[in-house]
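Data block below; observations after.
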Amino acid sequence: MTEEKVIVLKPKRKDFEEIYFSGNQGSLFFSPTTRGKTVTTIVVAVILVILFFFRDDFSKEKSGILYFVSFLFLLCAVFLSVSINKVSRWKKQVAHYLNKIENCKVYEIRIEENFFTVNINGDNETSEWKDFEFFDSNNEFISIEGKYSYMFPRKSMSEKDYSFLKQILKKNINE
């Protein structure tokens, strides 16, 4: 491939949202990142409440259990809050990106022999093929990760362009 190929995307916010927020990804407490920590925190909280109600039945030697479970609850709550913060920051970044593409006039991908460029309203991000570490595709979208990470919905481009992009990425990105 010696010539430049340009793929023009017609982005719709809804198409991107379907992919970004599928599978509870946007949920603060039950996203894939936070689900386990939420369940663990709830279980420890229930155990702590039960122990608290029966604290009068403990001897002085066994009262340390209440302190230990309280410490576990605090630890779980801290880990949960860190994960919630991570999901919240990700949601803000996605919202910013969705606002950017919602108002864009030009969204195109330029594919050259050594370079891959994404142009959103004149804001170009150029990468060499070696800068990409991972490529994945399915019936919904194509995603690539590296110096810059991208996700291109199938609905935003023609079938011919989608197939071409998938083929060229397979060829140029070492999996």
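Ordering of the structure tokens sets the chain letters (A, B, ...); residue numbers start at 1 within each chain; ligands are numbered from 1 in the order shown.
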
Polymer residues at most 8 Å from range 116-118 of chain A, only C-alpha atoms, same-chain spacing of 3 or more positions, as a ChimeraX atom specification: /A:107-112,124-129

Shell of 10 Å around Phe79 in chain A, only C-alpha atoms, local chain residues under 4 positions omitted, as number ranges by chain: A: 34, 37-38, 41, 73-75, 83-85

When you look at Lys100 in chain A with a cut-off of 10 Å (counting only C-alpha atoms), what residues show up, excluding the ones that are within fewer than 4 positions of it in the same chain? I need them as a short mmCIF file (atom, residue, chain, number, x, y, z; two decimals) with N, CA and C atoms, in the first residue's frame.
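This went into selection.cif:
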```cif
data_model
loop_
_atom_site.label_atom_id
_atom_site.label_comp_id
_atom_site.auth_asym_id
_atom_site.auth_seq_id
_atom_site.Cartn_x
_atom_site.Cartn_y
_atom_site.Cartn_z
N ARG A 13 -23.68 10.00 18.42
CA ARG A 13 -23.43 9.80 19.84
C ARG A 13 -24.03 8.49 20.34
N VAL A 94 -15.22 9.87 28.85
CA VAL A 94 -16.10 9.40 27.77
C VAL A 94 -17.11 10.49 27.41
N ALA A 95 -17.70 11.13 28.41
CA ALA A 95 -18.67 12.20 28.14
C ALA A 95 -18.02 13.35 27.37
N HIS A 96 -16.80 13.70 27.75
CA HIS A 96 -16.07 14.76 27.04
C HIS A 96 -15.84 14.36 25.58
N CYS A 104 -18.79 17.35 15.91
CA CYS A 104 -17.74 17.42 14.89
C CYS A 104 -18.31 17.43 13.48
N ILE A 120 -10.23 14.65 13.92
CA ILE A 120 -11.53 15.08 14.41
C ILE A 120 -11.52 16.60 14.41
N ASN A 121 -12.26 17.19 13.47
CA ASN A 121 -12.33 18.65 13.32
C ASN A 121 -10.95 19.31 13.26
#
```

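Comparing A:Ile173, A:Val8, A:Ala77, A:Ile65 by their smallest distance to Thr40 in chain A, the closest is A:Ala77 (using only C-alpha atoms).
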
Tell me, counting only C-alpha atoms, for each residue of range 135-154 of chain A within 8 Å of range 17-22 of chain A, which pair of atoms is nearest and how far apart they are in Å to one decimal, in rows ordered by chain and increasing number, as a Markdown table.
```
| residue | atom | partner | partner_atom | distance |
| --- | --- | --- | --- | --- |
| A:Glu140 | CA | A:Ile19 | CA | 7.7 |
| A:Phe141 | CA | A:Ile19 | CA | 7.8 |
| A:Pro153 | CA | A:Ile19 | CA | 7.7 |
```

Within 12 Å of Gln167 in chain A using only C-alpha atoms, minus same-chain residues under 6 positions, as a PyMOL selection string: chain A and resi 111+135-137+142+160-161+173

Could the residues in this selection be saved with all heavy atoms as a short mmCIF file (atom, residue, chain, number, x, y, z; two decimals), in the first residue's frame?
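Contents of out_9.cif, freshly written:
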```cif
data_model
loop_
_atom_site.label_atom_id
_atom_site.label_comp_id
_atom_site.auth_asym_id
_atom_site.auth_seq_id
_atom_site.Cartn_x
_atom_site.Cartn_y
_atom_site.Cartn_z
N ILE A 111 -5.07 6.36 6.48
CA ILE A 111 -4.20 5.20 6.59
C ILE A 111 -3.13 5.30 5.52
O ILE A 111 -3.42 5.40 4.33
CB ILE A 111 -5.01 3.90 6.40
CG1 ILE A 111 -6.08 3.82 7.49
CG2 ILE A 111 -4.10 2.69 6.42
CD1 ILE A 111 -7.10 2.74 7.28
N PHE A 135 -5.22 -4.91 18.98
CA PHE A 135 -6.31 -4.68 18.04
C PHE A 135 -7.39 -5.72 18.30
O PHE A 135 -7.11 -6.89 18.52
CB PHE A 135 -5.77 -4.81 16.60
CG PHE A 135 -6.80 -5.20 15.59
CD1 PHE A 135 -7.76 -4.30 15.18
CD2 PHE A 135 -6.81 -6.47 15.03
CE1 PHE A 135 -8.72 -4.66 14.25
CE2 PHE A 135 -7.75 -6.83 14.10
CZ PHE A 135 -8.71 -5.92 13.70
N ASP A 136 -8.65 -5.28 18.31
CA ASP A 136 -9.77 -6.21 18.50
C ASP A 136 -10.92 -5.74 17.64
O ASP A 136 -11.12 -4.54 17.45
CB ASP A 136 -10.18 -6.23 19.98
CG ASP A 136 -11.22 -7.30 20.27
OD1 ASP A 136 -11.24 -8.32 19.56
OD2 ASP A 136 -12.02 -7.12 21.20
N SER A 137 -11.69 -6.69 17.13
CA SER A 137 -12.86 -6.33 16.35
C SER A 137 -13.95 -7.37 16.57
O SER A 137 -13.67 -8.52 16.89
CB SER A 137 -12.51 -6.25 14.86
OG SER A 137 -12.16 -7.52 14.37
N ILE A 142 -14.58 -1.77 16.17
CA ILE A 142 -13.15 -2.08 16.10
C ILE A 142 -12.48 -1.23 17.16
O ILE A 142 -12.76 -0.03 17.28
CB ILE A 142 -12.57 -1.71 14.71
CG1 ILE A 142 -13.15 -2.61 13.63
CG2 ILE A 142 -11.05 -1.81 14.73
CD1 ILE A 142 -12.74 -2.21 12.22
N LYS A 160 -17.96 -1.55 3.45
CA LYS A 160 -16.70 -1.66 2.69
C LYS A 160 -15.55 -1.07 3.49
O LYS A 160 -14.48 -1.69 3.60
CB LYS A 160 -16.86 -0.95 1.35
CG LYS A 160 -15.66 -1.03 0.46
CD LYS A 160 -15.91 -0.27 -0.83
CE LYS A 160 -14.63 -0.14 -1.62
NZ LYS A 160 -14.75 0.76 -2.74
N ASP A 161 -15.76 0.12 4.06
CA ASP A 161 -14.72 0.76 4.87
C ASP A 161 -14.43 -0.03 6.13
O ASP A 161 -13.28 -0.16 6.54
CB ASP A 161 -15.13 2.20 5.22
CG ASP A 161 -15.02 3.15 4.04
OD1 ASP A 161 -14.35 2.79 3.06
OD2 ASP A 161 -15.64 4.24 4.11
N ILE A 173 -0.97 -4.49 12.78
CA ILE A 173 -0.80 -4.50 14.25
C ILE A 173 -0.51 -5.92 14.69
O ILE A 173 -1.31 -6.82 14.47
CB ILE A 173 -2.05 -3.94 14.96
CG1 ILE A 173 -2.27 -2.48 14.58
CG2 ILE A 173 -1.89 -4.08 16.48
CD1 ILE A 173 -3.51 -1.87 15.14
#
```

List every residue of chain A that DSSP, applied to the backbone, labels as strand (DSSP E or B), and write the result as a compact mmCIF listing (two decimals) with N, CA, C and O atoms, in the first residue's frame.
```
# COMPACT_ATOMS: atom_id res chain seq x y z
N LYS A 5 -5.18 6.13 2.15
CA LYS A 5 -6.61 5.78 2.12
C LYS A 5 -7.30 6.57 3.23
O LYS A 5 -6.82 6.62 4.35
N VAL A 6 -8.41 7.20 2.90
CA VAL A 6 -9.16 8.00 3.87
C VAL A 6 -10.52 7.35 4.08
O VAL A 6 -11.24 7.08 3.12
N ILE A 7 -10.84 7.10 5.35
CA ILE A 7 -12.16 6.58 5.73
C ILE A 7 -12.88 7.68 6.48
O ILE A 7 -12.40 8.16 7.51
N VAL A 8 -14.02 8.08 5.97
CA VAL A 8 -14.80 9.14 6.61
C VAL A 8 -15.88 8.47 7.47
O VAL A 8 -16.62 7.62 7.00
N TYR A 107 -14.70 13.79 10.77
CA TYR A 107 -14.16 12.67 11.54
C TYR A 107 -13.66 11.66 10.51
O TYR A 107 -14.45 11.00 9.85
N GLU A 108 -12.35 11.60 10.36
CA GLU A 108 -11.82 10.72 9.35
C GLU A 108 -10.56 10.01 9.83
O GLU A 108 -9.87 10.49 10.72
N ILE A 109 -10.33 8.87 9.21
CA ILE A 109 -9.14 8.06 9.48
C ILE A 109 -8.30 8.06 8.21
O ILE A 109 -8.82 7.77 7.13
N ARG A 110 -7.03 8.42 8.37
CA ARG A 110 -6.11 8.40 7.23
C ARG A 110 -5.12 7.24 7.46
O ARG A 110 -4.45 7.21 8.48
N ILE A 111 -5.07 6.36 6.48
CA ILE A 111 -4.20 5.20 6.59
C ILE A 111 -3.13 5.30 5.52
O ILE A 111 -3.42 5.40 4.33
N PHE A 115 1.89 5.17 8.75
CA PHE A 115 1.19 5.99 9.74
C PHE A 115 -0.31 5.76 9.74
O PHE A 115 -0.90 5.38 8.73
N PHE A 116 -0.89 6.02 10.89
CA PHE A 116 -2.34 5.94 11.10
C PHE A 116 -2.74 7.26 11.75
O PHE A 116 -2.24 7.60 12.83
N THR A 117 -3.60 8.03 11.10
CA THR A 117 -3.98 9.35 11.61
C THR A 117 -5.49 9.43 11.77
O THR A 117 -6.24 9.03 10.90
N VAL A 118 -5.92 9.95 12.93
CA VAL A 118 -7.34 10.21 13.17
C VAL A 118 -7.50 11.72 13.23
O VAL A 118 -6.81 12.41 13.97
N ASN A 119 -8.42 12.23 12.42
CA ASN A 119 -8.68 13.67 12.34
C ASN A 119 -10.11 13.93 12.81
O ASN A 119 -11.07 13.48 12.20
N ILE A 120 -10.23 14.65 13.92
CA ILE A 120 -11.53 15.08 14.41
C ILE A 120 -11.52 16.60 14.41
O ILE A 120 -10.86 17.22 15.23
N ASP A 123 -8.20 18.30 14.51
CA ASP A 123 -7.34 17.87 15.61
C ASP A 123 -6.79 16.49 15.25
O ASP A 123 -7.45 15.48 15.43
N ASN A 124 -5.56 16.47 14.70
CA ASN A 124 -4.96 15.23 14.20
C ASN A 124 -4.16 14.52 15.28
O ASN A 124 -3.40 15.15 16.01
N GLU A 125 -4.33 13.21 15.34
CA GLU A 125 -3.52 12.35 16.20
C GLU A 125 -2.89 11.32 15.28
O GLU A 125 -3.58 10.48 14.73
N THR A 126 -1.57 11.39 15.13
CA THR A 126 -0.86 10.50 14.22
C THR A 126 -0.02 9.52 15.01
O THR A 126 0.68 9.91 15.96
N SER A 127 -0.09 8.26 14.61
CA SER A 127 0.70 7.20 15.24
C SER A 127 1.37 6.38 14.16
O SER A 127 0.84 6.23 13.07
N GLU A 128 2.53 5.86 14.51
CA GLU A 128 3.15 4.87 13.64
C GLU A 128 2.51 3.53 13.95
O GLU A 128 2.01 3.31 15.06
N PHE A 132 1.04 0.83 18.11
CA PHE A 132 -0.15 0.12 18.57
C PHE A 132 0.23 -1.24 19.14
O PHE A 132 1.06 -1.96 18.58
N GLU A 133 -0.40 -1.57 20.25
CA GLU A 133 -0.09 -2.81 20.95
C GLU A 133 -1.19 -3.86 20.80
O GLU A 133 -0.93 -5.06 20.93
N PHE A 134 -2.42 -3.42 20.56
CA PHE A 134 -3.54 -4.36 20.58
C PHE A 134 -4.61 -3.93 19.60
O PHE A 134 -4.86 -2.75 19.42
N PHE A 135 -5.22 -4.91 18.98
CA PHE A 135 -6.31 -4.68 18.04
C PHE A 135 -7.39 -5.72 18.30
O PHE A 135 -7.11 -6.89 18.52
N ASP A 136 -8.65 -5.28 18.31
CA ASP A 136 -9.77 -6.21 18.50
C ASP A 136 -10.92 -5.74 17.64
O ASP A 136 -11.12 -4.54 17.45
N SER A 137 -11.69 -6.69 17.13
CA SER A 137 -12.86 -6.33 16.35
C SER A 137 -13.95 -7.37 16.57
O SER A 137 -13.67 -8.52 16.89
N PHE A 141 -17.91 -3.17 16.73
CA PHE A 141 -16.90 -2.12 16.67
C PHE A 141 -15.50 -2.69 16.46
O PHE A 141 -15.27 -3.89 16.60
N ILE A 142 -14.58 -1.77 16.17
CA ILE A 142 -13.15 -2.08 16.10
C ILE A 142 -12.48 -1.23 17.16
O ILE A 142 -12.76 -0.03 17.28
N SER A 143 -11.59 -1.83 17.94
CA SER A 143 -10.84 -1.05 18.93
C SER A 143 -9.36 -1.33 18.75
O SER A 143 -8.95 -2.44 18.43
N ILE A 144 -8.58 -0.27 18.94
CA ILE A 144 -7.12 -0.40 18.90
C ILE A 144 -6.55 0.38 20.08
O ILE A 144 -7.09 1.39 20.51
N GLU A 145 -5.46 -0.16 20.62
CA GLU A 145 -4.84 0.46 21.78
C GLU A 145 -3.35 0.63 21.53
O GLU A 145 -2.71 -0.23 20.93
N GLY A 146 -2.83 1.73 22.03
CA GLY A 146 -1.41 2.03 21.88
C GLY A 146 -1.13 3.42 22.39
O GLY A 146 -1.66 3.84 23.41
N TYR A 150 -8.42 3.92 20.35
CA TYR A 150 -9.61 4.29 19.59
C TYR A 150 -10.63 3.18 19.59
O TYR A 150 -10.27 2.00 19.72
N MET A 151 -11.87 3.58 19.38
CA MET A 151 -12.96 2.65 19.18
C MET A 151 -13.82 3.22 18.06
O MET A 151 -14.25 4.37 18.12
N PHE A 152 -14.01 2.43 17.02
CA PHE A 152 -14.78 2.88 15.87
C PHE A 152 -16.00 1.98 15.69
O PHE A 152 -15.85 0.80 15.36
N PRO A 153 -17.21 2.50 15.92
CA PRO A 153 -18.42 1.70 15.73
C PRO A 153 -18.64 1.33 14.27
O PRO A 153 -18.36 2.12 13.37
```

Test item, helix (DSSP H, G or I) assignment across chain A, answer as a PyMOL selection string: chain A and resi 13-20+22-24+35-53+55-57+64-102+129-131+154-156+159-172

Among listed residues A:Glu102, A:Glu113, A:Asp57, A:Glu3, nearest Leu169 in chain A (using only C-alpha atoms):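 Nearest to Leu169 in chain A: A:Glu113.
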
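We find CA of Ser70 in chain A and CA of Arg35 in chain A to be spaced 20.9 Å apart.
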
Point-to-point distance from CA of Lys130 in chain A to CA of Asn114 in chain A, Å rounded to tenths: 8.6 Å

Distance in Å - CA of Val43 in chain A versus CA of Val69 in chain A: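 Distance between the two atoms: 10.9 Å.
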